[in-house]
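J.: Structure in structure tokens, see below.
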Amino acid sequence: MLALLVALTAAIGQPAANKSPTSGDYLVVGVRSERFDDHYRAIRDRAVDFHHASTIDWDGLNGESLLARLRVHPPARVLFILRPEDLDINLHRRIVSICNRVDDDPFADFTFGYLTARTPEALEALWARTVELHEHGLAGHIWVQSSITSGQKSMRYEEGNSGIRRDAGFTGPSLYFAEVGSDPDVAKRLDEWLPQLQPASVIDITGNADPQGIWLFSGERNRDRSKHWAYDPAKIGQDPDHCMPRITADRFRALRLSSPIVWSGACHTAATHNVFVEGDIVSTFGRTDTTTLFEMPTDQSIALAMIDAGAAAFLGPIGPNHGYSTLLEQEYALENGATLGEALKSTYDDAFLATGGSPVLPRCVPGSPQPEEPNIMAAGGLNRVLIGDPSLSPFKATVRKGEETLIEHAHAADGNKPGGFDVVVKWDGGFHPSAWDMYGTDRRRSGRVTARIDLDDPRLAGSGRAATFGASVEATDDKGSPLDYRLSRLAVEDDRGRRILHLQANVVRADVQGKAIVVRFRVIPAD
């Protein structure tokens, strides 16, 4: 079965822990710099000096003009320095919409992050923590997972880390805060357990949320129109019956964090000021029939509160998303020793390739109809942002147990016979995070297996030098019974001169759930 389609995930991981600044491939962009005060100018200059970077100014509005400048000297990493009032979903989508158009492949061509904070003092402290993390790495190996659950009481597991986190040396609790309908005492658990985030080097947060708070009530309330009110800024977050408790920014700001990386899968938690009222937050923000802008005070922002409390970086959604993205980003970072920017790039690339490299990302225009997004899952992945330095590399590459990718039967071209090679992926039985094709459009065949191959690998015997490739797939379980995996993506990424072959095959997810598998991609140069 031949295909020349598109592929999965992202760039090659970098070595863990940067002990010296990057050089030659770093760009610092001052966004709407005419609004900068002396603090922002000083931080921009320090970032330029630290990374030996180039710098430009950008108006934040014209994405095509930014793209033209990026094509002149393509950077590998970009740091956008801006005020929190200038960071919103529209600006982010301008950048996302051009970040895979510097060259011709469908992959993101640079990693990027935003440097911003609620106050000048918080911005100064964030940059100091950034330098400290570059030079000395994480302060420890405590990883705290925090989730919202339902149908049970709140629970705490003393040692909640497993799999590659544990193998990377991380320990720490898992905190499951139950929705108030399941646990009327959840407020007490919050008082007891929230301080346990303070010593963590990595904090993982998932659950339903709006820009002001993480919900401790059921998201099913969004479906009940009888409980919704017409949008009114004065009514946002109202809860006269005390049935919609939230973990709000003030609770996080009161913590004293230990320079952690904060990963959030909770929707809208990276919003800093401009919030567009969407249907997924109708329970707390009210019902609106047109695109509506709420200018949220910056002291109500979850992300900025985490920065105030001492976070070194915040990865989360500036709009709706699916919280599973956090798991995939974390697993990618740990397995590859990837930078935070590369971890986020892995999400972008997955979403790009699920949309043929051209996602529909409508802008939010106040007073206009609510924008429609044809692939809401992919749009959610592209809503994820990094507040922090994209070149931060806090993790060492860690071998993933239970998964193996081999190159077999590689041979160079011989006369009229094309060269080729086999890529063999072997998975033990059990859970594999990347086995769900969450951004794919074939919901029936939502199971997948992926591979990423460096085409300069000497084991390919020169057959990786072709410009294009075809492939077929064969798959069995561990007993040799055939499995119906079908090739879905095949693409070559040019990662600044290094060529990476991305492969993916899909299957009916229920047919392989928990099974050990062997998937063989037979790759043939097509030129």
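Just remember, in the structure tokens the first chain shown is A, the second B, etc., residues are 1-based per chain, and ligands are 1-based in the order shown.
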Could you find all residues in stretch 70-258 of chain A that DSSP calls helix (DSSP H, G or I) from the backbone, and write them as a short mmCIF file (atom, residue, chain, number, x, y, z; two decimals) with C-alpha atoms, in the first residue's frame?
T.:
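The resulting file, part-v3.cif, is shown below:
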```
data_model
loop_
_atom_site.label_atom_id
_atom_site.label_comp_id
_atom_site.auth_asym_id
_atom_site.auth_seq_id
_atom_site.Cartn_x
_atom_site.Cartn_y
_atom_site.Cartn_z
CA LEU A 70 11.73 35.22 9.19
CA ARG A 71 12.43 33.86 5.71
CA VAL A 72 15.45 36.16 5.31
CA PRO A 84 0.16 40.56 28.91
CA GLU A 85 -2.46 42.91 27.47
CA ASP A 86 -1.08 42.16 23.98
CA ILE A 89 -5.67 33.98 20.87
CA ASN A 90 -5.67 36.21 17.79
CA LEU A 91 -1.99 37.15 18.11
CA HIS A 92 -1.08 33.53 18.83
CA ARG A 93 -2.97 32.32 15.79
CA ARG A 94 -1.18 34.87 13.59
CA ILE A 95 2.10 33.29 14.66
CA VAL A 96 0.91 29.68 14.46
CA SER A 97 -0.47 30.33 10.97
CA ILE A 98 2.98 31.27 9.64
CA PRO A 120 7.61 44.63 36.05
CA GLU A 121 8.87 42.90 39.20
CA ALA A 122 7.35 39.59 38.13
CA LEU A 123 8.92 39.92 34.67
CA GLU A 124 12.32 40.59 36.23
CA ALA A 125 11.94 37.56 38.50
CA LEU A 126 10.80 35.34 35.60
CA TRP A 127 13.90 36.19 33.59
CA ALA A 128 16.13 35.52 36.60
CA ARG A 129 14.53 32.08 37.03
CA THR A 130 14.99 31.43 33.31
CA VAL A 131 18.73 32.09 33.51
CA GLU A 132 19.00 30.00 36.67
CA LEU A 133 17.29 27.06 35.00
CA HIS A 134 19.52 27.34 31.93
CA GLU A 135 22.64 27.33 34.08
CA HIS A 136 21.75 24.87 36.83
CA GLY A 163 6.39 4.96 33.41
CA ILE A 164 8.92 7.30 31.83
CA ARG A 165 8.51 9.92 34.59
CA ARG A 166 9.65 7.44 37.19
CA ASP A 167 12.44 6.17 34.94
CA VAL A 186 -13.46 19.22 48.27
CA ALA A 187 -12.74 22.75 49.59
CA LYS A 188 -11.08 21.20 52.64
CA ARG A 189 -8.97 18.94 50.43
CA LEU A 190 -7.95 21.99 48.44
CA ASP A 191 -6.74 23.75 51.59
CA GLU A 192 -4.80 20.64 52.66
CA TRP A 193 -3.26 19.59 49.36
CA LEU A 194 -2.72 22.69 47.23
CA PRO A 195 0.42 23.66 49.22
CA GLN A 196 1.94 20.35 48.10
CA LEU A 197 2.59 21.99 44.74
CA GLY A 219 -18.69 20.41 32.93
CA GLU A 220 -22.04 18.79 32.09
CA ARG A 221 -23.60 21.99 33.42
CA ASN A 222 -22.68 23.55 30.04
CA ARG A 223 -25.36 21.37 28.42
CA ARG A 225 -29.44 25.87 29.08
CA SER A 226 -31.86 26.41 31.96
CA LYS A 227 -28.86 27.20 34.18
CA PRO A 233 -19.47 41.18 32.59
CA ALA A 234 -20.82 41.83 36.09
CA LYS A 235 -22.15 38.28 36.32
CA ALA A 249 -5.79 32.73 40.40
CA ASP A 250 -5.49 34.08 43.93
CA ARG A 251 -5.12 30.54 45.27
CA PHE A 252 -2.15 29.88 43.00
CA ARG A 253 -0.60 33.31 43.55
#
```
J.: I'd like to know which of A:Met306, A:Ala467, A:Leu327, A:Val385 is closest to A:Val262, using only C-alpha atoms.
T.: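 Residue with the minimum atom-to-atom distance to A:Val262: A:Met306.
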J.: Enter the distance from atom CA of A:His409 to atom CA of A:Arg520, in Å, rounded to one decimal.
T.: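 Computed distance, atom CA of A:His409 to atom CA of A:Arg520, equals 11.3 Å.
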J.: Please report, as a tab-separated table, each residue of stretch 406-508 of chain A lying at most 10 Å from stretch 360-382 of chain A, together with the nearest pair of atoms and the separation in Å rounded to one decimal; use only C-alpha atoms, and order rows by chain and ascending residue number.
T.:
```
residue	atom	partner	partner_atom	distance
A:Met438	CA	A:Met377	CA	7.1
A:Tyr439	CA	A:Ala378	CA	5.1
A:Gly440	CA	A:Ala378	CA	8.0
A:Thr441	CA	A:Asn375	CA	7.5
```
J.: May I ask for the distance between atom CA of A:Arg118 and atom CA of A:Ala270, given in Å to one decimal place?
T.: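 Rounded to one decimal, the two atoms are 12.6 Å apart.
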J.: Neighbouring residues of stretch 198-213 of chain A were defined as those with any atom within 7 Å, considering only C-alpha atoms; residues of the same chain fewer than 5 positions away were excluded. Please report them as a VMD selection string.
T.: chain A and resid 138 to 148 219 246 to 249 255 to 269 271 281 300 to 302 323
J.: Can those selected residues be exported to a file as a compact mmCIF listing (two decimals), in the first residue's frame so that it contains C-alpha atoms?
T.:
```txt
# COMPACT_ATOMS: atom_id res chain seq x y z
CA LEU A 138 15.71 21.94 37.77
CA ALA A 139 15.95 22.40 41.51
CA GLY A 140 14.78 18.85 42.18
CA HIS A 141 12.91 15.82 40.89
CA ILE A 142 9.45 16.23 42.39
CA TRP A 143 6.62 15.95 39.88
CA VAL A 144 3.12 16.69 41.20
CA GLN A 145 0.10 15.73 39.16
CA SER A 146 -3.16 17.53 39.94
CA SER A 147 -6.45 16.55 38.30
CA ILE A 148 -10.18 17.05 38.70
CA GLY A 219 -18.69 20.41 32.93
CA ARG A 246 -13.36 27.08 41.21
CA ILE A 247 -9.64 27.16 41.95
CA THR A 248 -8.96 30.79 41.09
CA ALA A 249 -5.79 32.73 40.40
CA LEU A 255 1.86 29.66 46.77
CA ARG A 256 5.65 29.86 46.95
CA LEU A 257 6.77 27.68 44.07
CA SER A 258 10.25 26.27 43.46
CA SER A 259 10.80 27.48 39.85
CA PRO A 260 8.75 24.66 38.34
CA ILE A 261 7.70 23.92 34.80
CA VAL A 262 3.88 24.11 34.92
CA TRP A 263 1.95 22.03 32.39
CA SER A 264 -1.76 22.80 32.14
CA GLY A 265 -4.35 20.99 30.09
CA ALA A 266 -7.16 23.02 31.66
CA CYS A 267 -8.86 25.13 28.98
CA HIS A 268 -8.16 28.88 28.74
CA THR A 269 -5.66 28.87 31.64
CA ALA A 271 -5.23 33.58 28.83
CA ILE A 281 -17.30 28.39 29.40
CA GLN A 300 -7.30 37.02 37.47
CA SER A 301 -5.10 35.10 34.99
CA ILE A 302 -4.14 31.56 36.07
CA GLY A 323 -5.99 18.01 28.27
```
J.: To one decimal place in Å, what is the distance between atom CA of A:Thr398 and atom CA of A:Ser346?
T.: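 These atoms are spaced 17.0 Å apart.
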J.: Determine the nearest neighbour of A:Asp437 from the options A:His502, A:Arg496, A:Arg509, A:Lys401, counting only C-alpha atoms.
T.: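 When distances to A:Asp437 are compared using only C-alpha atoms, the smallest one comes from A:Arg509.
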J.: Looking at only C-alpha atoms, which of A:Ala412, A:Ala254, A:Asp239, A:Pro390 is the one that sits closest to A:Ala309?
T.: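 Distance minimum relative to A:Ala309 lands on A:Ala254.
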